[in-house]
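Below is one structure, written out as structure tokens; the observations come after it.
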Amino acid sequence: MRVTGEGRWKALRTVSRGDVVYRAVLTGLALLLPLLLLTLAAELVTNAWPAIRRFGFGFFATSVWDPVAGRFGALPLIFGTLYSSLVAMAIAVPLALGVAIFLTEFAPRWLRRPVATLVELLAAIPSVIYGLWGIFVLLPLLRDTLWPVVRPALVWLPIFRGTFYGPSVLAGGIILAIMVLPYIAAVSREVLLAVPAAQREAALALGATRWEAVWTVVLPYGRTGIIGAVILGLGRALGETMAVTMVIGNRHEISASLVEPGYTIAAAIANEFAEAVSALHLSALFYAGLVLFVVTVAVNVIARLLIWRVARGSAAGSAAI
Amino acid sequence: MRMTSSLGLLAAAAAFAAAPLAAQSEIRITGAGATFPYPIYSKWVLEYTKTRPNIEINYQSIGSGGGIRQFIDRTVDFGATDGPMTDSQITAIGGNVLHIPTVLGAVAPVYNLPGLTQQLRFTPDILAGIFLGQITKWNDSRIAAANPGVQLPNTDVVVVHRSDGSGTTFIFTDYLAKVSGDWLRRVGRGTAVNWPVGLGGRGNEGVATTVRRTPGAVGYVELVYALQNRIPYGLVRNRAGQFVNATLQSTTAAAAAAVADLAADTDFRISITDTEGAEAYPIASFTWILLPKQGTDLARTRALLEFLWWATHDAQRFATALGYAPLPARVVQLIETRLKSVTVAGRPVLPAAYAPGGTRR
């Protein structure tokens with residue numbers, strides 16, 4: 001029997017019952033995750049509603065956090081969250097990129113695997129251990145050993161003004177940097193490994209030194225992936241709670257100085273949620289949580305846009321995100 | 001046909017599983033709330049269930065605020081809190097709550113002044129001044145005046161407070177609000193307040209660690225933490241003008257002074273900070289268990305009341321070893337009548353003559 005083109009199409013389009021069920025199950029599962037995100041957002045908004053109605057946008061503009069009087073302004077929390085994460089990224093990104101470049105381009109082969117594993121092991125340490133290490137090792141080290149030495153040279157800078165007692169945005173930023181470093185380093189390493197050897201060879205053949213090959217060819221080739229790695233780290237830094245609250249000083253105040261205490265949204269929620277007695281206090285914490293949610297979503301959206309813009313021409317490593 | 005037979009099987013299985021439970025008539029009581037009394041509550045539960053194996057008591061230390069919320073929502077049989085419920089909260093549940101004091105706690109002002117050998121003396125003014133940020137140096141004239149002969153260093157006062165909401169903070173700010181009009185106006189009392197100055201430490205251990213590691217630091221912790229961690233803490237001047245050391249005896253004395261002239265129908269929501277009495281330590285408080293006045297389940301209510309009776313009588317002997325001050329005798333008497341007033345379906349749960357062991361402490 002001759003099979004016409006028409007007949008073949010028909011055969012392709014007939015769908016068995018099993019396929020229908022399979023498809024429905026998969027669609028359901030796939031929709032479950034976005035649905036989870038939406039219900040999360042809805043739940044946050046519902047619980048935050050009393051505070052949203054009461055404070056509106058003033059929540060972002062005022063600095064008083066007074067549970068007794070029922071006045072809540074989250075500006076210091078938002079500022080502290082962004083500031084400590086910024087400090088963390090300023091420290092972690094160069095370090096993590098250095099680790100990734102070293103491990104993929106320069107390190108002797110026998111050294112690569114062990115070092116990569118050790119760096120990744122940093123990610124396995126529980127947050128509270130970082131916090132304890134911060135209190136018992138980092139804070140005394142910064143305050144008693146490092147600060148007295150560097151203070152005279154730095155104190156003219158506004159970001160180093162004030163008295164340094166230990167718990168501070170700086171300490172929080174350093175802890176965060178160590179915590180996000182393994183994520184950025186691991187993903188960046190994967191990205192750099194994905195850069196085709198032909199790219200390097202071409203650069204070297206043109207007379208580039210190894211460093212020039214990395215800087216002018218390998219890194220630009222993998223930049224989308226690297227940006228993705230950085231955003232991944234930033235997302236973690238924004239939401240980190242336990243270790244930060246143990247070293248940042250937990251002070252509802254805005255200060256440009258790195259050596260003064262600050263506060264983050266995640267830390268405030270963790271600290272105050274259990275004992276929030278009044279409904280408004282609880283609602284204000286939900287509102288702060290909503291802000292954190294929006295900030296992290298915004299960071300991710302910006303990252304996506306950035307990647308789309310940069311992605312023209314280079315595609316390596318976008319799979320790593 | 002297949003349907004009915006499997007249903008029958010299910011029912012049989014359920015009956016089979018339920019049978020041994022019913023035979024033992026196991027009673028499960030759940031409670032949630034304050035973290036401060038958690039060590040003694042778990043000790044009580046452990047000791048009590050040894051003698052009453054058919055009773056299971058499950059206490060989750062989720063914080064006083066959470067305890068009150070869960071009690072209001074009726075997701076637990078009893079709540080526990082370091083700060084009493086507010087009038088509006090009580091009105092919201094139709095007044096259906098009893099506050100039963102269980103033990104007493106004290107809060108000690110701890111400090112870190114290397115090289116200082118004498119115990120510092122704090123007046124109410126000094127404590128309010130320090131925590132308001134008005135006293136910024138340790139050799140401030142007000143501290144010097146209260147501590148004649150003490151060589152005070154010219155170093156910064158670093159205030160450390162709790163960053164998490166806490167009953168400890170409530171006790172401490174309640175005290176400051178009583179002794180300082182300035183504090184009452186500017187800050188007030190609460191489990192979390194808007195601190196004028198200072199660093200926030202998470203939990204008693206967070207404050208204790210920060211104080212120990214920061215020269216010039218001053219903070220407040222539950223007395224038991226100060227004792228365990230051997231952090232120096234100051235004497236506090238009470239209303240009678242005496243500088244009193246924070247001890248379990250001086251804490252019980254504070255409560256005794258406060259309840260001496262308490263009305264028989266008190267709801268126990270009393271603050272015992274800054275009380276009269278020469279021996280009374282001024283920064284002390286009850287911690288409470290919350291239970292409904294009108295219960296719903298006779299067996300569970302009865303079990304809970306018997307447990308609380310035991311906890312406030314015999315079991316008080318476990319208190320001191322764990323760093324809590326036992327209740328004064330007068331309070332225990334009042335608690336007895338209060339426990340007997342609990343009803344289920346309009347009828348009292350405990351018999352009027354209920355007195356296991358017979359004796360009052």
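By order of appearance in the structure tokens: chains A, B, ..., then residues from 1 within every chain, and ligands from 1 in the order shown.
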
Give me, as a list in words, all polymer residues having an atom no more than 7 Å from range 191-199 of chain B, counting only C-alpha atoms and skipping those fewer than 2 positions away in the same chain. Trp65, Asp66, Pro67, Val68, Gly249, Asn250, Arg251, Pro261 and Glu275 of chain A; Phe131, Leu132, Gly133, Val158, Val159, Val160, His161, Gly165, Ser166, Gly167, Thr169, Phe170, Val187, Arg189 and Gly201 of chain B

Dump as a PDB file, in the first residue's frame, selection limited to N, CA and C atoms:
ATOM      1  N   TRP A  65      12.169  52.058  63.416  1.00  0.00           N
ATOM      2  CA  TRP A  65      11.596  50.714  63.570  1.00  0.00           C
ATOM      3  C   TRP A  65      11.245  50.582  65.044  1.00  0.00           C
ATOM      4  N   ASP A  66      10.017  50.928  65.389  1.00  0.00           N
ATOM      5  CA  ASP A  66       9.633  51.002  66.794  1.00  0.00           C
ATOM      6  C   ASP A  66       8.417  50.110  67.053  1.00  0.00           C
ATOM      7  N   PRO A  67       8.653  48.854  67.448  1.00  0.00           N
ATOM      8  CA  PRO A  67       7.534  47.934  67.671  1.00  0.00           C
ATOM      9  C   PRO A  67       6.608  48.403  68.796  1.00  0.00           C
ATOM     10  N   VAL A  68       7.147  49.171  69.755  1.00  0.00           N
ATOM     11  CA  VAL A  68       6.324  49.610  70.880  1.00  0.00           C
ATOM     12  C   VAL A  68       5.286  50.628  70.410  1.00  0.00           C
ATOM     13  N   GLY A 249      25.756  43.248  63.751  1.00  0.00           N
ATOM     14  CA  GLY A 249      25.460  44.231  64.787  1.00  0.00           C
ATOM     15  C   GLY A 249      23.986  44.537  64.966  1.00  0.00           C
ATOM     16  N   ASN A 250      23.162  44.216  63.979  1.00  0.00           N
ATOM     17  CA  ASN A 250      21.701  44.320  64.089  1.00  0.00           C
ATOM     18  C   ASN A 250      21.216  45.674  64.583  1.00  0.00           C
ATOM     19  N   ARG A 251      21.605  46.708  63.892  1.00  0.00           N
ATOM     20  CA  ARG A 251      21.229  48.052  64.299  1.00  0.00           C
ATOM     21  C   ARG A 251      20.398  48.706  63.204  1.00  0.00           C
ATOM     22  N   PRO A 261      27.745  49.208  62.794  1.00  0.00           N
ATOM     23  CA  PRO A 261      26.794  48.105  62.622  1.00  0.00           C
ATOM     24  C   PRO A 261      25.671  48.448  61.659  1.00  0.00           C
ATOM     25  N   GLU A 275       8.837  36.534  68.133  1.00  0.00           N
ATOM     26  CA  GLU A 275       8.356  37.289  69.280  1.00  0.00           C
ATOM     27  C   GLU A 275       7.505  38.489  68.890  1.00  0.00           C
TER      28      GLU A 275
ATOM     29  N   PHE B 131      21.664  52.979  78.660  1.00  0.00           N
ATOM     30  CA  PHE B 131      20.902  52.399  77.550  1.00  0.00           C
ATOM     31  C   PHE B 131      20.182  53.455  76.719  1.00  0.00           C
ATOM     32  N   LEU B 132      20.092  54.691  77.245  1.00  0.00           N
ATOM     33  CA  LEU B 132      19.574  55.787  76.423  1.00  0.00           C
ATOM     34  C   LEU B 132      20.692  56.445  75.616  1.00  0.00           C
ATOM     35  N   GLY B 133      21.929  56.054  75.896  1.00  0.00           N
ATOM     36  CA  GLY B 133      23.048  56.648  75.177  1.00  0.00           C
ATOM     37  C   GLY B 133      23.516  57.963  75.759  1.00  0.00           C
ATOM     38  N   VAL B 158      30.047  50.417  75.428  1.00  0.00           N
ATOM     39  CA  VAL B 158      29.459  49.774  74.255  1.00  0.00           C
ATOM     40  C   VAL B 158      28.212  49.012  74.695  1.00  0.00           C
ATOM     41  N   VAL B 159      27.047  49.537  74.315  1.00  0.00           N
ATOM     42  CA  VAL B 159      25.791  48.917  74.734  1.00  0.00           C
ATOM     43  C   VAL B 159      25.488  47.703  73.845  1.00  0.00           C
ATOM     44  N   VAL B 160      25.122  46.594  74.476  1.00  0.00           N
ATOM     45  CA  VAL B 160      24.722  45.401  73.725  1.00  0.00           C
ATOM     46  C   VAL B 160      23.319  45.020  74.168  1.00  0.00           C
ATOM     47  N   HIS B 161      22.432  44.836  73.218  1.00  0.00           N
ATOM     48  CA  HIS B 161      21.060  44.454  73.556  1.00  0.00           C
ATOM     49  C   HIS B 161      20.655  43.267  72.716  1.00  0.00           C
ATOM     50  N   GLY B 165      13.348  39.452  69.275  1.00  0.00           N
ATOM     51  CA  GLY B 165      12.316  39.755  70.243  1.00  0.00           C
ATOM     52  C   GLY B 165      12.443  38.782  71.398  1.00  0.00           C
ATOM     53  N   SER B 166      12.250  39.274  72.641  1.00  0.00           N
ATOM     54  CA  SER B 166      12.551  38.395  73.763  1.00  0.00           C
ATOM     55  C   SER B 166      11.859  38.838  75.037  1.00  0.00           C
ATOM     56  N   GLY B 167      11.472  37.853  75.845  1.00  0.00           N
ATOM     57  CA  GLY B 167      10.922  38.149  77.150  1.00  0.00           C
ATOM     58  C   GLY B 167      11.948  38.817  78.042  1.00  0.00           C
ATOM     59  N   THR B 169      14.118  40.999  77.099  1.00  0.00           N
ATOM     60  CA  THR B 169      14.042  42.412  76.752  1.00  0.00           C
ATOM     61  C   THR B 169      12.815  43.045  77.392  1.00  0.00           C
ATOM     62  N   PHE B 170      11.709  42.295  77.407  1.00  0.00           N
ATOM     63  CA  PHE B 170      10.501  42.846  78.023  1.00  0.00           C
ATOM     64  C   PHE B 170      10.748  43.172  79.493  1.00  0.00           C
ATOM     65  N   VAL B 187      11.281  55.265  74.615  1.00  0.00           N
ATOM     66  CA  VAL B 187      11.432  53.886  74.153  1.00  0.00           C
ATOM     67  C   VAL B 187      10.231  53.023  74.539  1.00  0.00           C
ATOM     68  N   ARG B 189       8.207  49.879  76.789  1.00  0.00           N
ATOM     69  CA  ARG B 189       8.513  48.496  77.132  1.00  0.00           C
ATOM     70  C   ARG B 189       7.956  47.558  76.071  1.00  0.00           C
ATOM     71  N   GLY B 201      22.684  41.578  69.782  1.00  0.00           N
ATOM     72  CA  GLY B 201      23.162  40.194  69.795  1.00  0.00           C
ATOM     73  C   GLY B 201      21.969  39.275  69.765  1.00  0.00           C
TER      74      GLY B 201
END

If we count only C-alpha atoms, what is near range 195-203 of chain A at a cut-off of 8 Å, once residues fewer than 3 positions away on the same chain are taken out, given as number ranges by chain? A: 191-192, 206-208, 213-214, 217-218, 221-222, 316-317

Residue subset to file, keeping C-alpha atoms, as an mmCIF file, in the first residue's frame:
data_model
loop_
_atom_site.group_PDB
_atom_site.id
_atom_site.type_symbol
_atom_site.label_atom_id
_atom_site.label_comp_id
_atom_site.auth_asym_id
_atom_site.auth_seq_id
_atom_site.Cartn_x
_atom_site.Cartn_y
_atom_site.Cartn_z
ATOM 1 C CA VAL A 191 31.924 28.376 32.221
ATOM 2 C CA LEU A 192 35.636 28.782 31.499
ATOM 3 C CA LEU A 206 48.317 35.072 17.105
ATOM 4 C CA GLY A 207 51.109 35.691 19.559
ATOM 5 C CA ALA A 208 49.139 36.433 22.728
ATOM 6 C CA ALA A 213 44.616 34.939 25.867
ATOM 7 C CA VAL A 214 42.613 34.684 29.088
ATOM 8 C CA VAL A 217 39.505 35.885 24.531
ATOM 9 C CA VAL A 218 38.500 33.415 27.215
ATOM 10 C CA TYR A 221 33.743 34.447 25.504
ATOM 11 C CA GLY A 222 32.339 33.317 28.809
ATOM 12 C CA ALA A 316 29.356 29.837 25.946
ATOM 13 C CA GLY A 317 28.240 28.985 29.409
#

As a ChimeraX atom specification, list the residues of range 267-323 of chain B assigned to helix (DSSP H, G or I) by DSSP on the backbone atoms of this structure. /B:298-312,314-318,320-322

Please write the residues from the selection above to a file, keeping C-alpha atoms, as a CSV table (one decimal), in the first residue's frame.
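Heads up, here's the output in out_23.csv:
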chain,number,residue,atom,x,y,z
B,298,LEU,CA,-12.3,17.0,79.9
B,299,ALA,CA,-9.5,14.5,79.9
B,300,ARG,CA,-6.8,16.8,78.4
B,301,THR,CA,-7.8,19.7,80.6
B,302,ARG,CA,-7.7,17.5,83.7
B,303,ALA,CA,-4.3,16.2,82.8
B,304,LEU,CA,-3.0,19.7,82.1
B,305,LEU,CA,-4.3,21.0,85.4
B,306,GLU,CA,-2.8,18.1,87.4
B,307,PHE,CA,0.5,18.7,85.7
B,308,LEU,CA,0.4,22.4,86.5
B,309,TRP,CA,-0.5,21.7,90.1
B,310,TRP,CA,2.5,19.4,90.4
B,311,ALA,CA,4.7,21.9,88.6
B,312,THR,CA,3.8,24.7,90.9
B,314,ASP,CA,6.4,19.5,94.2
B,315,ALA,CA,8.3,20.3,91.1
B,316,GLN,CA,9.4,23.7,92.3
B,317,ARG,CA,12.3,21.9,93.9
B,318,PHE,CA,13.9,21.5,90.4
B,320,THR,CA,17.0,26.4,91.7
B,321,ALA,CA,19.3,23.8,90.2
B,322,LEU,CA,18.4,25.1,86.8

Nearest to Gly166 in chain A, restricted to only C-alpha atoms and choosing among B:Leu104, B:Leu98, B:Ala217, B:Ile270, comes out as B:Ala217

Quick one: pick out all strand (DSSP E or B) residues within range 45-262 of chain B from a backbone DSSP run and write them as an MDAnalysis selection string. chainID B and resid 55:60 78:81 98:111 121:122 137 156 158:162 199:201 217:222 233 235:237 243:244

Distance criterion (only C-alpha atoms): nearest to chain A out of B:Val207, B:Ala106, B:Ile29, B:Val150: B:Val207

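All residues of protein, DNA or RNA that reach within 10 Å of Val236 in chain B, judged by only C-alpha atoms and not counting those fewer than 4 positions away in the chain, are B:Ala108, B:Pro109, B:Leu120, B:Arg121, B:Phe122, B:Thr123, B:Pro124, B:Ile126, B:Leu127, B:Gly241, B:Gln242, B:Phe243, B:Val244, B:Asn245, B:Ala246, B:Tyr281, B:Pro282, B:Ile283.
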
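Taking CA of Glu26 in chain B and CA of Asp297 in chain B as the two end points, the separation is 13.4 Å.
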
The residue from B:Ile289, B:Ala145, B:Val218, B:Val211 with the smallest atom-to-atom distance to Tyr59 in chain B, counting only C-alpha atoms, is B:Ile289

Extract, using only C-alpha atoms, all DNA, RNA and protein residues at most 8 Å from Met85 in chain B, discarding same-chain residues fewer than 4 positions from it, and format them as a VMD selection string. chain B and resid 68 89 to 90 269
